[in-house]
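The file upload.csv contains CSV, C-alpha atoms:
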chain,number,residue,atom,x,y,z
A,13,MET,CA,-28.2,0.2,0.1
A,14,LYS,CA,-26.6,1.7,3.2
A,15,ASN,CA,-28.1,-1.1,5.4
A,16,ILE,CA,-26.3,-3.6,3.2
A,17,GLY,CA,-23.1,-1.8,3.4
A,18,GLU,CA,-23.4,-1.4,7.2
A,19,ASN,CA,-24.2,-5.1,7.5
A,20,VAL,CA,-21.1,-6.1,5.5
A,21,VAL,CA,-18.8,-4.0,7.8
A,22,ARG,CA,-20.5,-5.4,10.9
A,23,ILE,CA,-20.0,-9.0,9.8
A,24,GLU,CA,-16.4,-8.4,9.0
A,25,ALA,CA,-15.9,-6.5,12.3
A,26,GLU,CA,-17.4,-9.5,14.1
A,27,ALA,CA,-15.0,-11.8,12.3
A,28,LEU,CA,-12.0,-9.6,13.4
A,29,ARG,CA,-13.3,-9.5,17.0
A,30,ALA,CA,-13.5,-13.3,17.0
A,31,LEU,CA,-10.0,-13.5,15.6
A,32,ALA,CA,-8.7,-11.2,18.3
A,33,ASP,CA,-10.3,-13.4,20.9
A,34,ARG,CA,-8.6,-16.5,19.4
A,35,ILE,CA,-5.2,-14.8,19.4
A,36,ALA,CA,-5.7,-13.9,23.1
A,37,GLY,CA,-6.9,-17.3,23.9
A,38,PRO,CA,-6.9,-20.7,22.2
A,39,MET,CA,-4.7,-19.7,19.3
A,40,ALA,CA,-2.1,-17.9,21.5
A,41,ALA,CA,0.5,-20.7,21.4
A,42,ALA,CA,0.2,-21.2,17.7
A,43,PHE,CA,0.4,-17.5,17.0
A,44,GLU,CA,3.6,-17.2,19.2
A,45,ARG,CA,5.1,-20.2,17.5
A,46,ALA,CA,4.5,-18.7,14.0
A,47,VAL,CA,6.0,-15.4,15.1
A,48,GLU,CA,9.1,-17.2,16.6
A,49,LEU,CA,9.6,-19.2,13.4
A,50,MET,CA,9.5,-16.1,11.2
A,51,PHE,CA,11.6,-14.1,13.6
A,52,SER,CA,14.4,-16.7,13.6
A,53,CYS,CA,14.1,-17.5,9.9
A,54,ALA,CA,17.6,-17.3,8.3
A,55,GLY,CA,16.1,-17.1,4.8
A,56,ARG,CA,12.9,-15.5,3.6
A,57,VAL,CA,9.2,-15.9,4.4
A,58,VAL,CA,7.7,-17.3,1.2
A,59,VAL,CA,4.0,-16.4,1.2
A,60,THR,CA,1.7,-18.2,-1.2
A,61,GLY,CA,-2.0,-18.4,-1.9
A,62,MET,CA,-4.4,-18.8,-4.8
A,63,GLY,CA,-7.2,-16.5,-6.0
A,64,LYS,CA,-8.4,-14.0,-3.5
A,65,SER,CA,-6.2,-15.6,-0.8
A,66,GLY,CA,-3.3,-15.0,-3.2
A,67,LEU,CA,-4.1,-11.3,-3.3
A,68,ILE,CA,-4.0,-11.2,0.5
A,69,ALA,CA,-0.7,-13.3,0.4
A,70,ARG,CA,0.9,-10.6,-1.8
A,71,LYS,CA,-0.1,-7.9,0.7
A,72,ILE,CA,1.2,-9.9,3.7
A,73,ALA,CA,4.5,-10.5,1.9
A,74,ALA,CA,4.8,-6.7,1.2
A,75,THR,CA,4.0,-5.8,4.8
A,76,LEU,CA,6.5,-8.3,6.1
A,77,SER,CA,9.2,-6.9,3.8
A,78,SER,CA,8.5,-3.3,4.7
A,79,THR,CA,8.7,-4.0,8.4
A,80,GLY,CA,12.1,-5.7,8.3
A,81,THR,CA,11.2,-9.4,7.6
A,82,PRO,CA,12.5,-10.5,4.2
A,83,ALA,CA,9.5,-12.0,2.3
A,84,LEU,CA,8.3,-12.7,-1.2
A,85,TYR,CA,5.1,-13.8,-2.8
A,86,LEU,CA,5.1,-17.1,-4.7
A,87,HIS,CA,2.2,-17.9,-7.1
A,88,PRO,CA,1.4,-21.6,-6.6
A,89,VAL,CA,0.7,-22.3,-10.3
A,90,GLU,CA,4.0,-20.6,-11.4
A,91,ALA,CA,5.7,-22.5,-8.6
A,92,LEU,CA,4.6,-25.8,-10.3
A,93,HIS,CA,6.2,-24.6,-13.5
A,94,GLY,CA,9.7,-23.7,-12.3
A,95,ASP,CA,9.3,-20.9,-9.7
A,96,LEU,CA,9.4,-23.4,-6.9
A,97,GLY,CA,13.2,-23.0,-7.2
A,98,MET,CA,12.7,-19.8,-5.3
A,99,VAL,CA,12.1,-21.8,-2.1
A,100,VAL,CA,15.3,-23.0,-0.5
A,101,ARG,CA,16.3,-24.6,2.7
A,102,GLY,CA,16.3,-22.0,5.4
A,103,ASP,CA,13.1,-20.3,4.2
A,104,ILE,CA,9.7,-20.6,5.7
A,105,VAL,CA,6.5,-21.0,3.7
A,106,LEU,CA,3.3,-19.2,4.8
A,107,ALA,CA,0.4,-20.7,2.9
A,108,LEU,CA,-3.1,-19.2,2.7
A,109,SER,CA,-6.2,-21.2,1.8
A,110,ALA,CA,-9.7,-20.7,3.2
A,111,SER,CA,-10.7,-24.3,2.5
A,112,GLY,CA,-7.3,-25.8,3.2
A,113,GLU,CA,-7.8,-28.0,0.2
A,114,THR,CA,-6.6,-25.7,-2.7
A,115,GLU,CA,-5.1,-28.2,-5.1
A,116,GLU,CA,-2.4,-25.8,-6.3
A,117,ILE,CA,-1.2,-25.3,-2.7
A,118,LEU,CA,-1.3,-29.0,-1.8
A,119,ALA,CA,0.8,-29.8,-4.9
A,120,LEU,CA,3.6,-27.9,-3.3
A,121,LEU,CA,3.6,-29.9,-0.1
A,122,ALA,CA,5.9,-32.7,-1.3
A,123,THR,CA,8.7,-30.2,-2.2
A,124,ILE,CA,8.2,-28.2,1.0
A,125,LYS,CA,8.6,-31.4,3.1
A,126,ARG,CA,11.5,-32.6,1.0
A,127,LEU,CA,13.4,-29.3,1.6
A,128,ARG,CA,12.4,-29.5,5.3
A,129,VAL,CA,11.0,-26.0,5.1
A,130,PRO,CA,8.7,-25.1,8.0
A,131,LEU,CA,5.1,-24.6,6.9
A,132,ILE,CA,2.7,-22.2,8.5
A,133,ALA,CA,-0.9,-22.4,7.3
A,134,MET,CA,-3.8,-19.9,7.5
A,135,THR,CA,-7.0,-21.8,6.8
A,136,GLY,CA,-10.7,-21.6,7.8
A,137,ASP,CA,-10.4,-24.6,10.1
A,138,GLU,CA,-11.5,-24.0,13.6
A,139,ILE,CA,-8.2,-25.2,15.0
A,140,GLY,CA,-8.1,-22.7,17.8
A,141,SER,CA,-11.3,-24.2,19.3
A,142,VAL,CA,-9.5,-27.4,20.3
A,143,ALA,CA,-8.0,-25.9,23.4
A,144,ARG,CA,-11.3,-24.3,24.5
A,145,ALA,CA,-14.1,-26.5,26.0
A,146,PRO,CA,-17.7,-25.3,25.6
A,147,SER,CA,-19.5,-24.1,28.7
A,148,PRO,CA,-22.5,-26.1,29.9
A,149,ALA,CA,-24.9,-23.3,28.9
A,150,LYS,CA,-23.7,-23.5,25.3
A,151,ALA,CA,-23.1,-27.2,24.9
A,152,GLY,CA,-26.5,-27.8,23.3
A,153,SER,CA,-26.2,-25.0,20.8
A,154,SER,CA,-22.7,-26.1,19.9
A,155,LYS,CA,-24.0,-29.5,19.0
A,156,ASP,CA,-26.8,-28.1,17.0
A,157,SER,CA,-24.5,-25.7,15.0
A,158,ARG,CA,-21.8,-28.2,13.9
A,159,THR,CA,-21.4,-31.6,12.4
A,160,ALA,CA,-21.0,-34.3,15.0
A,161,GLY,CA,-17.4,-34.7,16.1
A,162,LYS,CA,-16.4,-31.1,15.3
A,163,PRO,CA,-14.8,-29.4,18.4
A,164,ALA,CA,-16.7,-26.5,19.9
A,165,THR,CA,-15.4,-23.0,19.6
A,166,GLY,CA,-16.5,-21.6,22.9
A,167,SER,CA,-17.6,-18.4,21.2
A,168,SER,CA,-20.3,-16.0,22.2
A,169,ALA,CA,-24.0,-16.6,21.6
A,170,GLY,CA,-24.1,-13.8,19.1
A,171,ARG,CA,-21.4,-15.5,17.0
A,172,LEU,CA,-23.3,-18.8,17.1
A,173,GLU,CA,-26.4,-17.0,15.8
A,174,LEU,CA,-24.3,-15.5,12.9
A,175,ARG,CA,-23.0,-19.0,12.1
A,176,ALA,CA,-26.6,-20.3,12.0
A,177,LYS,CA,-27.6,-17.6,9.6
A,178,ALA,CA,-24.6,-18.4,7.4
A,179,LYS,CA,-25.6,-22.0,7.3
A,180,SER,CA,-29.1,-21.1,6.2
A,181,LYS,CA,-27.9,-18.7,3.5
A,182,SER,CA,-25.5,-21.3,2.1
A,183,ALA,CA,-28.0,-24.1,2.1
A,184,GLY,CA,-27.7,-26.3,-0.9
A,185,LYS,CA,-23.9,-25.4,-1.3
A,186,SER,CA,-21.4,-28.2,-1.3
A,187,ALA,CA,-19.3,-28.1,1.9
A,188,ARG,CA,-16.2,-30.0,2.9
A,189,PRO,CA,-16.6,-32.4,5.7
A,190,THR,CA,-16.0,-31.0,9.2
A,191,GLN,CA,-15.0,-34.1,11.0
A,192,SER,CA,-11.3,-33.3,10.7
A,193,ILE,CA,-9.1,-30.4,9.8
A,194,SER,CA,-8.1,-29.7,6.2
A,195,THR,CA,-5.2,-31.3,4.4
A,196,LEU,CA,-3.1,-28.1,4.5
A,197,ALA,CA,-3.7,-27.5,8.2
A,198,ALA,CA,-2.8,-31.1,9.0
A,199,ALA,CA,0.4,-30.9,7.1
A,200,ALA,CA,1.5,-27.6,8.6
A,201,ASP,CA,4.0,-27.2,11.4
A,202,VAL,CA,1.8,-24.3,12.7
A,203,ALA,CA,-1.9,-24.0,11.7
A,204,LEU,CA,-3.5,-20.7,12.3
A,205,ASP,CA,-7.3,-20.4,12.6
A,206,CYS,CA,-8.9,-18.0,10.2
A,207,SER,CA,-12.4,-19.4,10.6
A,208,ILE,CA,-15.4,-17.1,10.3
A,209,ALA,CA,-19.1,-17.3,11.2
A,210,GLU,CA,-20.2,-16.2,7.8
A,211,GLU,CA,-19.0,-14.3,4.7
A,212,ALA,CA,-20.3,-10.8,4.3
A,213,CYS,CA,-21.5,-11.6,0.8
A,214,SER,CA,-25.3,-12.0,0.9
A,215,LEU,CA,-24.9,-15.3,-1.0
A,216,GLY,CA,-22.3,-16.5,1.4
A,217,LEU,CA,-20.0,-17.2,-1.6
A,218,ALA,CA,-17.6,-14.3,-2.3
A,219,PRO,CA,-14.5,-14.2,0.0
A,220,THR,CA,-15.1,-11.2,2.2
A,221,ALA,CA,-14.9,-11.7,5.9
A,222,SER,CA,-12.5,-14.6,5.3
A,223,THR,CA,-10.0,-12.6,3.4
A,224,THR,CA,-10.3,-9.7,5.9
A,225,THR,CA,-9.5,-12.1,8.7
A,226,MET,CA,-6.4,-13.4,6.8
A,227,LEU,CA,-5.2,-9.9,6.1
A,228,ALA,CA,-5.6,-8.8,9.7
A,229,LEU,CA,-3.8,-11.9,11.0
A,230,GLY,CA,-1.0,-11.3,8.5
A,231,ASP,CA,-0.7,-7.7,9.8
A,232,ALA,CA,-0.7,-8.9,13.4
A,233,ILE,CA,2.2,-11.3,12.7
A,234,ALA,CA,4.2,-8.7,10.8
A,235,VAL,CA,3.8,-6.0,13.4
A,236,THR,CA,4.6,-8.4,16.3
A,237,ILE,CA,7.8,-9.5,14.5
A,238,SER,CA,8.8,-5.9,13.9
A,239,GLU,CA,8.3,-5.1,17.6
A,240,LYS,CA,10.3,-8.1,18.6
A,241,ARG,CA,13.0,-7.1,16.1
A,242,GLY,CA,13.2,-3.6,17.6
A,243,PHE,CA,12.2,-2.1,14.2
A,244,LYS,CA,12.3,1.7,14.4
A,245,GLU,CA,11.1,4.6,12.3
A,246,GLU,CA,14.5,5.1,10.8
A,247,ASP,CA,14.6,1.4,9.7
A,248,PHE,CA,11.2,1.9,8.0
A,249,ALA,CA,12.5,5.0,6.3
A,250,ASN,CA,15.6,3.1,5.0
A,251,LEU,CA,13.2,0.6,3.3
A,252,HIS,CA,11.0,3.4,1.9
A,253,PRO,CA,13.5,6.0,0.5
A,254,GLY,CA,11.0,7.0,-2.2
A,255,GLY,CA,8.0,7.4,0.1
A,256,LYS,CA,7.0,10.5,2.0
A,257,LEU,CA,8.0,9.1,5.4
A,258,GLY,CA,11.3,8.0,4.0
A,259,LYS,CA,11.9,11.6,2.8
A,260,ARG,CA,10.9,13.1,6.1
A,261,LEU,CA,13.2,10.7,8.0
A,262,ALA,CA,16.1,11.3,5.6
A,263,ARG,CA,19.5,11.6,7.3
A,264,VAL,CA,21.6,14.8,7.2
A,265,GLU,CA,24.5,12.8,5.6
A,266,SER,CA,22.3,11.9,2.6
A,267,LEU,CA,21.5,15.6,1.9
A,268,MET,CA,24.6,17.5,2.9
A,269,HIS,CA,27.2,19.0,0.5
A,270,SER,CA,30.6,17.5,0.9
A,271,GLY,CA,34.0,17.1,-0.8
A,272,ASN,CA,34.7,19.6,-3.6
A,273,ALA,CA,31.2,21.1,-3.1
A,274,LEU,CA,32.2,22.5,0.3
A,275,PRO,CA,33.1,26.2,0.4
A,276,CYS,CA,36.2,26.1,2.7
A,277,VAL,CA,38.8,28.7,3.5
A,278,GLY,CA,41.7,28.9,6.0
A,279,PRO,CA,41.9,31.4,8.9
A,280,GLN,CA,44.5,33.6,7.0
A,281,THR,CA,42.5,33.7,3.8
A,282,LYS,CA,41.9,37.4,2.6
A,283,MET,CA,38.3,38.5,2.2
A,284,PRO,CA,38.4,38.9,-1.6
A,285,ASP,CA,39.3,35.2,-1.8
A,286,VAL,CA,36.6,34.3,0.8
A,287,ILE,CA,34.0,36.1,-1.3
A,288,TYR,CA,35.2,34.3,-4.4
A,289,GLU,CA,34.9,30.9,-2.7
A,290,MET,CA,31.4,31.7,-1.4
A,291,SER,CA,30.3,32.8,-4.9
A,292,ARG,CA,31.8,29.8,-6.6
A,293,LYS,CA,30.2,27.2,-4.3
A,294,LYS,CA,26.8,29.1,-4.2
A,295,LEU,CA,25.8,28.2,-0.7
A,296,GLY,CA,25.9,31.7,0.8
A,297,VAL,CA,28.4,30.6,3.4
A,298,ALA,CA,32.0,29.6,3.8
A,299,ALA,CA,33.5,27.4,6.5
A,300,VAL,CA,36.7,28.5,8.1
A,301,VAL,CA,38.8,25.4,8.6
A,302,GLU,CA,42.1,24.9,10.4
A,303,GLY,CA,43.5,21.6,9.3
A,304,GLU,CA,40.3,19.6,9.2
A,305,LYS,CA,38.8,21.2,12.2
A,306,LEU,CA,35.9,23.8,11.9
A,307,VAL,CA,36.8,27.0,13.7
A,308,GLY,CA,34.2,29.4,12.3
A,309,ILE,CA,31.9,30.4,9.4
A,310,ILE,CA,31.4,33.5,7.3
A,311,SER,CA,27.9,34.0,5.8
A,312,ASP,CA,26.3,36.5,3.4
A,313,GLY,CA,24.7,38.1,6.4
A,314,ASP,CA,28.1,38.5,8.1
A,315,LEU,CA,29.5,40.2,5.0
A,316,ARG,CA,26.6,42.7,4.8
A,317,ARG,CA,26.9,43.6,8.4
A,318,LEU,CA,30.7,44.1,8.1
A,319,LEU,CA,30.3,46.3,5.0
A,320,GLU,CA,27.7,48.5,6.8
A,321,LYS,CA,30.1,48.8,9.7
A,322,ARG,CA,33.5,49.1,8.1
A,323,GLY,CA,32.9,49.8,4.4
A,324,LYS,CA,35.6,48.9,1.9
A,325,ASP,CA,38.1,48.2,4.7
A,326,VAL,CA,36.4,44.8,5.0
A,327,LEU,CA,38.5,43.6,2.1
A,328,ASP,CA,41.7,44.0,4.2
A,329,LEU,CA,40.5,41.6,6.8
A,330,THR,CA,41.3,37.9,7.0
A,331,ALA,CA,38.8,35.1,7.4
A,332,SER,CA,39.7,34.7,11.1
A,333,GLU,CA,38.9,38.4,11.7
A,334,ALA,CA,35.6,38.3,10.0
A,335,MET,CA,34.2,34.9,10.9
A,336,THR,CA,31.6,33.9,13.5
A,337,LYS,CA,33.2,31.6,16.0
A,338,ASN,CA,31.5,28.5,17.5
A,339,PRO,CA,28.9,28.2,14.7
A,340,ARG,CA,25.9,25.9,15.0
A,341,THR,CA,26.6,22.4,14.0
A,342,ILE,CA,24.9,19.0,13.5
A,343,ALA,CA,26.0,15.4,13.3
A,344,ALA,CA,25.8,13.6,10.0
A,345,GLY,CA,23.5,10.9,11.5
A,346,GLU,CA,20.8,13.3,12.6
A,347,PHE,CA,17.4,13.5,10.9
A,348,ALA,CA,16.7,16.2,8.3
A,349,ALA,CA,13.8,17.2,10.5
A,350,THR,CA,16.2,17.9,13.3
A,351,ALA,CA,18.3,20.1,11.0
A,352,LEU,CA,15.2,22.0,10.0
A,353,ALA,CA,14.2,22.6,13.6
A,354,VAL,CA,17.6,24.0,14.5
A,355,MET,CA,17.6,26.3,11.4
A,356,GLU,CA,14.1,27.6,12.4
A,357,GLU,CA,15.1,28.1,16.0
A,358,GLN,CA,18.3,29.9,15.2
A,359,LYS,CA,16.9,31.7,12.1
A,360,ILE,CA,19.7,30.5,9.9
A,361,THR,CA,19.8,28.9,6.5
A,362,SER,CA,22.7,26.4,6.8
A,363,LEU,CA,24.4,24.1,9.3
A,364,MET,CA,27.9,22.8,9.5
A,365,VAL,CA,28.0,19.0,9.7
A,366,VAL,CA,30.8,17.8,11.9
A,367,ASP,CA,32.0,14.6,13.6
A,368,GLY,CA,32.7,14.2,17.3
A,369,GLU,CA,36.0,15.9,17.1
A,370,SER,CA,34.6,19.0,15.2
A,371,HIS,CA,36.1,17.9,11.9
A,372,LEU,CA,34.1,19.4,9.0
A,373,LEU,CA,32.2,16.7,7.1
A,374,GLY,CA,29.8,18.8,5.1
A,375,ILE,CA,27.2,21.6,5.0
A,376,ILE,CA,23.4,21.2,4.9
A,377,HIS,CA,21.4,24.1,3.5
A,378,LEU,CA,17.7,25.0,3.8
A,379,HIS,CA,17.3,24.4,0.1
A,380,ASP,CA,18.5,20.8,0.5
A,381,LEU,CA,15.5,20.1,2.7
A,382,TRP,CA,13.0,21.0,-0.1
A,383,SER,CA,13.2,17.5,-1.5
A,384,THR,CA,12.2,16.0,1.8
A,385,GLU,CA,8.8,17.9,1.7
A,386,LEU,CA,9.7,19.3,5.2
A,387,VAL,CA,9.9,22.8,3.7

As a first step, turn the structure in this file into structure tokens.
Amino acid sequence: MKNIGENVVRIEAEALRALADRIAGPMAAAFERAVELMFSCAGRVVVTGMGKSGLIARKIAATLSSTGTPALYLHPVEALHGDLGMVVRGDIVLALSASGETEEILALLATIKRLRVPLIAMTGDEIGSVARAPSPAKAGSSKDSRTAGKPATGSSAGRLELRAKAKSKSAGKSARPTQSISTLAAAADVALDCSIAEEACSLGLAPTASTTTMLALGDAIAVTISEKRGFKEEDFANLHPGGKLGKRLARVESLMHSGNALPCVGPQTKMPDVIYEMSRKKLGVAAVVEGEKLVGIISDGDLRRLLEKRGKDVLDLTASEAMTKNPRTIAAGEFAATALAVMEEQKITSLMVVDGESHLLGIIHLHDLWSTELV
């Protein structure tokens, strides 16, 4: 059993290696064209596919959306019964079909062309091989392993051996003619080569290596576009507010206490009133504000130290006499992780949130960071 499992993984790994070679070589121009079309798309990338290709199409649409490229999945059958209205001028259609002859996908072509929506196809056609001529040493084996008139791939001898095995395993199966590319690939503005030497299924029937190749190519496109877009961690976090990364990259402004929840006193406020404000707002600290500008803070720790030093005379002091000047502050746009790092370094439990002119905007407390799973 482990040998079968190993073989499946090796076949799929070989399919991915061959895909990487095509992206770096004969398919480079088509890949770059597909990336450019999606990057400059004013609408959405509409990804469609049927069956197992449809499952991969859903994943590609989700990956594009989560990395900054608006995308949606369109079921081709549902599209034929009204959902085709989801596609509008300005969108791009990315269609997945291993054979390139999926009837439900081909039925969408007329509308796609009428709307003048660019079409990018992922099929099993060896389109990328057109730009690569076979070497003299491989010319004979290329002819033996393909139907006459099929362009050679220029792939390694090992890959040709795998293809020969695949043909022997699938003997007796019906196969579409290889003299020309598929209908979907021919109709596409950009046709991407997802061809494989063989499926990892021992019968050569179940989509395995082919769907893995489509998935990897979709990921390659999505990541390339996100890099081109300058997509950053904080952008990813904004699109994943409920995820662990989104929580870890939460901004201070989304967690801080502000408005009426802020415990604020003026410099001349007497200590009994300071204590009352601290108790009422339950943050263990009070900000001393003159106008809107932060001038100091008074914490529970400050009160304990003053009581130990001056006893009941503390109640005669004003906020300005008891406060700690120049407290540690943080900007509202900083990450929660940065706030936690400052608290740990300074051994404090809260930070004042200010703008560039030291105007108090809020307070972030250590307890506020619990929801981010940082604490």

**Study point:** Residue with smallest distance to Glu18 of chain A - pool A:Ala232, A:Thr60, A:Ala334, A:Ala212, counting only C-alpha atoms
**Key:** A:Ala212

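Closest approach to Ile233 of chain A from the set A:Val99, A:Leu92, A:Leu267, A:Met50 is made by A:Met50, with distances taken over all atoms listed in the file.
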
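Closest approach to Asp380 of chain A among A:Val264, A:Val297, A:Ile342, A:Leu204 is made by A:Val264 (distances from all atoms listed in the file).
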
Practice item. Have a look at atom CA of Ile208 of chain A and atom CA of Ala27 of chain A and let me know their distance in Å, one decimal. Key: 5.7 Å

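Rounded to one decimal, atom CA of Gly242 of chain A and atom CA of Ala83 of chain A lie 17.8 Å from each other.
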
Which residues are close to Gln358 of chain A, i.e. within 10 Å by only C-alpha atoms, leaving aside same-chain residues fewer than 5 positions away? Reply as a PDB file with C-alpha atoms, keeping the file's coordinate frame.
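As a result, selection.pdb now contains:
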ATOM      1  CA  ARG A 340      25.900  25.900  15.000  1.00  0.00           C
ATOM      2  CA  LEU A 352      15.200  22.000  10.000  1.00  0.00           C
ATOM      3  CA  ALA A 353      14.200  22.600  13.600  1.00  0.00           C
TER       4      ALA A 353
END

Exercise for review: Show which residues sit within 7 Å of Met283 of chain A, as a PyMOL selection string. Count all atoms listed in the file, and ignore same-chain residues fewer than 3 positions away.
Suggested key: chain A and resi 286-287+327-331

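Residue neighbourhood of Val365 of chain A, excluding near-sequence residues (fewer than 6 positions): Thr341, Ile342, Ala343, Ala344, Leu373, Gly374 and Ile375 of chain A, at 6 Å, using only C-alpha atoms.
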
Check your understanding: Could you work out how far atom CA of Tyr288 of chain A lies from atom CA of Glu356 of chain A, giving the answer in Å with one decimal?
Key -> 27.8 Å

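Minimum distance to Ser207 of chain A across A:Ala25, A:Ala110, A:Leu318, A:Ala273 (counting all atoms listed in the file) occurs at A:Ala110.
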
**Study point:** Nearby residues (all atoms listed in the file) at most 7 Å from Ala234 of chain A, same-chain spacing under 5 positions excluded, as a ChimeraX atom specification
**Key:** /A:75-76,79

Exercise for review: Fewer than 2 positions away in the same chain doesn't count, so skip those; otherwise give me all residues within 12 Å of Arg56 of chain A, counting only C-alpha atoms, as an MDAnalysis selection string.
Suggested key: chainID A and resid 49:54 58:59 73 76:77 80:86 98:106 129:130

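Considering the residues A:Gly313, A:Gly271, A:Gly296, A:Gly97 and counting all atoms listed in the file, Leu127 of chain A has its shortest atom-to-atom contact with A:Gly97.
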
In file coordinates, which residues lie within 9 Å of (7.4, -12.2, 17.3) using all atoms listed in the file, given as a PDB file with C-alpha atoms, in the coordinates of the input?
ATOM      1  CA  PHE A  43       0.400 -17.500  17.000  1.00  0.00           C
ATOM      2  CA  GLU A  44       3.600 -17.200  19.200  1.00  0.00           C
ATOM      3  CA  ARG A  45       5.100 -20.200  17.500  1.00  0.00           C
ATOM      4  CA  ALA A  46       4.500 -18.700  14.000  1.00  0.00           C
ATOM      5  CA  VAL A  47       6.000 -15.400  15.100  1.00  0.00           C
ATOM      6  CA  GLU A  48       9.100 -17.200  16.600  1.00  0.00           C
ATOM      7  CA  LEU A  49       9.600 -19.200  13.400  1.00  0.00           C
ATOM      8  CA  MET A  50       9.500 -16.100  11.200  1.00  0.00           C
ATOM      9  CA  PHE A  51      11.600 -14.100  13.600  1.00  0.00           C
ATOM     10  CA  ILE A 233       2.200 -11.300  12.700  1.00  0.00           C
ATOM     11  CA  ALA A 234       4.200  -8.700  10.800  1.00  0.00           C
ATOM     12  CA  VAL A 235       3.800  -6.000  13.400  1.00  0.00           C
ATOM     13  CA  THR A 236       4.600  -8.400  16.300  1.00  0.00           C
ATOM     14  CA  ILE A 237       7.800  -9.500  14.500  1.00  0.00           C
ATOM     15  CA  SER A 238       8.800  -5.900  13.900  1.00  0.00           C
ATOM     16  CA  GLU A 239       8.300  -5.100  17.600  1.00  0.00           C
ATOM     17  CA  LYS A 240      10.300  -8.100  18.600  1.00  0.00           C
ATOM     18  CA  ARG A 241      13.000  -7.100  16.100  1.00  0.00           C
TER      19      ARG A 241
END

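Of the residues under consideration (A:Ile309, A:Met62, A:Ile68, A:Val57), A:Met62 shows the shortest atom-to-atom contact distance to Pro88 of chain A when counting only C-alpha atoms.
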